Amino acid sequence: MEATPAKLFEAALTLHGQGRRTEAESLYELVLRLDASHLGAVLSWALLCAEQRRVADATRLLDRVDDCQLDSVAAHCCLADVEYALERFDRAAKHYELALKLQPASAEAHLGLGNALQALHCHEEAVSEYQSALRLRPDQPESHNNLGNALLALHRPKDALRHFQAALALRPEYADAHNNIGNALQALSKHDEAMSHYRRALALKPDLAEAQSNLGNACQALHHYEDAVQHYRAALDLRPDFAEGHNNLGTALRALDRNNEAAAQYELALRLRPDYAEAHNNLGNVLYSLHRYEEAMACYERALAIDPDHVAARNNLGSALQELGRLGEALVEHQRALQVEPDNAQVHQALAILYFKGGESEQASRHGRLGFGSGIEVQPYRGGGRPVRVLVLYSAMGGNVRAERWLDEQTFARTIATAEFWDREADLPPRDLLFNAIGEPDRCGPALSIAAELAARSGAPMLNRPEHVLASERVYNAARLGRLPGVVTPRTALLSRELLESSDARAALERDGFRWPLLLRSPGFHTGEHFLKLDQPGDLPRALSDLPGAELFVLDFLDTRGPDGNFRKYRAMMIDGRLYPLHLAVSARWMVHFLTADMADAPEHQAEDARFLEDMPGALGPRIMSALERVKDTLALEYGGIDFSIDAQGRLVVWEANATMVVPPPVSGEQWAYRRPAVERIEAAVHAMLLARAQAGMASCR
């Protein structure tokens with residue numbers, strides 16, 4: 001029997017549908033050799049190329065299509081399918097609409113148009129098209145499934161769930177429907193049920209990367225971040241070009257304080273999908289958490305250029321403006337976010353903080369009630385038996401210790417109190433331990449005063465008493481620690497911008513004992529942002545134009561370079577009365593931070609760091625260890641850290657010592673494996689302290 005173009009084309013479509021793309025492509029090519037005008041072969045081959053991300057090949061084939069050939073519903077729908085696979089969703093929608101002009105009762109065209117509108121974030125219009133498709137073909141599982149996705153995007157998870165279940169009733173082995181049922185259950189906070197559907201989807205379709213990624217989402221919702229990372233990596237093994245998988249992996253890594261790795265994942269997602277608003281927002285969040293507010297703002301603005309109604313990005317932009325002291329601009333952004341989602345708790349929280357900063361107590365209270373409620377948030381306990389009950393005190397202004405990383409849900413029943421918006425008339429929740437996680441006195445003084453009031457009412461054991469944290473304010477700390485034997489601190493003052501901009505600035509600084517060079521720093525910033533070295537008085541006007549804030553810290557510049565010309569900065573953590581080494585950073589630059597120091601390509605510096613971590617007393621010597629012990633005892637914090645150097649006279653130079661010091665996990669890679677035991681020792685010490693103090697509280701209640 002002769003192999004006609006029609007029969008060859010039919011065979012090619014069958015192979016294509018079976019996923020045998022190489023064989024199908026050969027037959028499409030043969031059909032076109034026999035009949036160069038065969039529209040079906042051109043479009044189907046273009047679709048195959050588009051599915052394989054071969055954009056140039058697909059476009060070359062589409063160039064052969066003449067508009068006059070598109071005279072049928074099938075032709076328009078096929079061309080629309082190609083445009084959709086090429087992610088040219090507006091073009092796809094146009095051809096589905098043309099198909100519907102030719103045949104308004106085409107369920108296939110309504111379904112396709114719904115898909116294109118959904119991809120264009122036109123969810124309400126997509127719902128209408130899916131409903132039209134279902135009126136024409138009630139037995140079409142894809143229409144039920146995709147209608148469910150549109151309803152989910154409109155925050156209607158219960159309605160979405162009904163349609164996903166209808167799709168599954170029509171096709172019991174429909175892996176995508178199981179995956180989407182999981183998504184609806186996730187939106188309803190039924191995480192364990194969601195996980196069972198994701199696993200069912202993977203049993204039916206092991207290469208479904210979305211289901212692996214969604215398993216990671218469920219793990220994140222349960223705060224099982226390490227498990228989430230494993231699922232996201234499994235998803236990316238299946239689909240390395242899965243932008244959403246990279247974005248979600250970044251979110252899990254950020255929850256584990258692995259910010260550099262998180263940023264790298266968001267950047268990978270954006271290389272794959274430059275118009276991915278969520279990834280732009282999330283990259284901004286990493287930069288925000290590192291206090292790099294201006295860079296964060298640029299990310300939020302890129303997200304908003306893509307999706308002007310992205311509420312999180314709009315609200316985050318407002319919060320970054322708040323941190324830079326631009327409260328009027330921040331207010332505009334928060335109000336615009338509230339116009340899109342009037343009941344969004346995070347936006348009300350941000351507005352409450354803004355009004356609190358501005359001294360508008362009535363407005364702060366109104367938004368505080370809408371955002372923070374009574375200021376008490378009870379988090380789920382997922383263990384068995386009697387939980388260890390911990391009340392964690394936070395400040396809405398930031399500057400908090402990330403306490404939740406040590407308080408796992410299988411051991412601890414956590415209640416979070418936001419100090420500024422705590423309802424003083426309400427009863428305190430049951431507690432075995434108070435953890436004052438408010439760590440930055442220079443920005444959280446009011447919150448610490450409220451925390452002291454709460455602590456006085458509690459009666460339970462407490463970690464990091466508010467009065468001890470208040471005493472670690474930067475100027476006072478420098479003065480009191482500098483008086484300890486064997487300890488040097490930089491002279492530190494908090495001066496008004498008005499004074500520093502005046503003609504008397506140089507004389508005033510010199511009267512206060514400052515000499516050049518000196519350092520100028522904006523309050524509330526860390527990791528070296530808005531921190532400048534001024535070599536001579538003439539540098540002052542330029543520095544002031546670059547630094548935000550109505551007041552600025554002025555510090556002595558202490559030259560602690562070693563004989564090799566490098567600066568060294570150590571960090572030791574204070575946990576329950578003991579000192580633990582965390583890192584040594586070596587740098588040719590005066591401003592030293594571990595992640596930006598000269599460590600990665602310097603094995604000799606890594607070896608020096610390793611010696612410090614393995615034997616801190618041996619590396620530092622008894623004189624420095626004694627001075628460190630005096631600093632620790634003076635601070636009287638159960639949790640905190642000390643950043644220090646050693647000067648040419650062998651004295652301890654303390655740069656910072658307070659409760660806000662973080663314990664970042666080691667950067668991944670074998671060259672940093674030597675750092676893991678030190679971090680694990682600190683983590684274990686914090687966990688043991690929490691359990692011991694809480695058990696003492698439990699015993700006192702018997």
# chains A, B, ... in the order shown; residues from 1 in each chain; ligands from 1
>>> residues_around(residues="segment 585-588 of chain A", least_positions_apart="4", cutoff="8 Å", atoms="only C-alpha atoms", output="list in words")
Gly565, Asn566, Phe567, Arg568, Lys569, Tyr570, Val592, His593, Phe594, Ala597, Asp598, Met599, His605 and Asp609 of chain A
>>> write_last_selection(atoms="N, CA and C atoms", output="short mmCIF file (atom, residue, chain, number, x, y, z; two decimals), in the first residue's frame")
data_model
loop_
_atom_site.label_atom_id
_atom_site.label_comp_id
_atom_site.auth_asym_id
_atom_site.auth_seq_id
_atom_site.Cartn_x
_atom_site.Cartn_y
_atom_site.Cartn_z
N GLY A 565 50.12 42.54 56.84
CA GLY A 565 49.34 43.60 56.21
C GLY A 565 47.86 43.32 56.14
N ASN A 566 47.40 42.18 56.66
CA ASN A 566 45.98 41.82 56.61
C ASN A 566 45.27 42.18 57.91
N PHE A 567 43.97 42.48 57.76
CA PHE A 567 43.10 42.66 58.91
C PHE A 567 42.47 41.31 59.25
N ARG A 568 42.27 41.06 60.54
CA ARG A 568 41.63 39.83 60.99
C ARG A 568 40.48 40.18 61.93
N LYS A 569 39.34 39.54 61.68
CA LYS A 569 38.21 39.74 62.59
C LYS A 569 37.66 38.37 62.98
N TYR A 570 37.53 38.16 64.29
CA TYR A 570 37.04 36.91 64.85
C TYR A 570 35.60 37.10 65.32
N VAL A 592 35.86 44.10 57.41
CA VAL A 592 36.02 42.64 57.28
C VAL A 592 34.70 41.94 57.58
N HIS A 593 34.22 41.16 56.61
CA HIS A 593 33.08 40.26 56.82
C HIS A 593 33.45 38.92 56.21
N PHE A 594 33.05 37.85 56.87
CA PHE A 594 33.53 36.53 56.45
C PHE A 594 33.23 36.25 54.98
N ALA A 597 35.47 38.40 52.75
CA ALA A 597 36.90 38.45 53.07
C ALA A 597 37.70 37.59 52.10
N ASP A 598 39.02 37.61 52.28
CA ASP A 598 39.92 36.88 51.37
C ASP A 598 40.10 35.45 51.90
N MET A 599 39.03 34.67 51.78
CA MET A 599 39.04 33.33 52.35
C MET A 599 38.92 32.23 51.29
N HIS A 605 44.56 31.00 54.75
CA HIS A 605 43.60 31.68 55.63
C HIS A 605 42.56 30.69 56.16
N ASP A 609 41.72 29.82 60.05
CA ASP A 609 40.35 29.75 60.55
C ASP A 609 40.10 28.39 61.22
#
>>> select_by_dssp(residues="segment 436-537 of chain A", states="alpha helix (DSSP H)", output="VMD selection string")
chain A and resid 441 to 458 466 to 470 474 to 482 497 to 501 505 to 511
>>> atom_distance(atom1="atom CA of Asp601 of chain A", atom2="atom CA of Glu670 of chain A")
13.1 Å
>>> residues_around(residues="Leu534 of chain A", least_positions_apart="6", cutoff="10 Å", atoms="only C-alpha atoms", output="compact mmCIF listing (two decimals) with C-alpha atoms, in the first residue's frame")
# COMPACT_ATOMS: atom_id res chain seq x y z
CA TRP A 516 41.43 61.26 61.37
CA PRO A 517 40.88 58.82 59.83
CA LEU A 518 37.53 58.00 61.40
CA LEU A 519 34.45 55.91 60.53
CA LEU A 520 30.90 57.06 59.85
CA LEU A 540 32.86 64.55 55.41
CA ARG A 542 30.64 63.51 50.41
CA ALA A 543 30.10 60.86 53.10
CA PHE A 557 39.42 53.94 63.11
>>> residues_around(residues="segment 189-202 of chain A", least_positions_apart="3", cutoff="7 Å", atoms="only C-alpha atoms", output="ChimeraX atom specification")
/A:175-176,178-179,181-183,185-186,205-206,208,211,215,218
>>> write_last_selection(atoms="C-alpha atoms", output="PDB file, in the first residue's frame")
ATOM      1  CA  ALA A 175      -1.363  12.728  37.777  1.00  0.00           C
ATOM      2  CA  ASP A 176      -1.728  16.476  37.208  1.00  0.00           C
ATOM      3  CA  HIS A 178      -3.570  14.732  42.017  1.00  0.00           C
ATOM      4  CA  ASN A 179      -0.821  17.353  42.004  1.00  0.00           C
ATOM      5  CA  ILE A 181      -5.553  18.657  44.572  1.00  0.00           C
ATOM      6  CA  GLY A 182      -2.399  18.839  46.660  1.00  0.00           C
ATOM      7  CA  ASN A 183      -2.067  22.535  45.800  1.00  0.00           C
ATOM      8  CA  LEU A 185      -5.160  21.347  50.113  1.00  0.00           C
ATOM      9  CA  GLN A 186      -1.972  23.332  50.687  1.00  0.00           C
ATOM     10  CA  LYS A 205       4.125  10.147  36.697  1.00  0.00           C
ATOM     11  CA  PRO A 206       7.632   9.845  38.234  1.00  0.00           C
ATOM     12  CA  LEU A 208       6.491  15.229  37.190  1.00  0.00           C
ATOM     13  CA  ALA A 211       4.901  17.418  42.103  1.00  0.00           C
ATOM     14  CA  LEU A 215       6.283  18.292  48.006  1.00  0.00           C
ATOM     15  CA  ALA A 218       4.486  21.260  51.774  1.00  0.00           C
TER      16      ALA A 218
END
>>> atom_distance(atom1="atom CA of Asn344 of chain A", atom2="atom CA of His223 of chain A")
22.3 Å
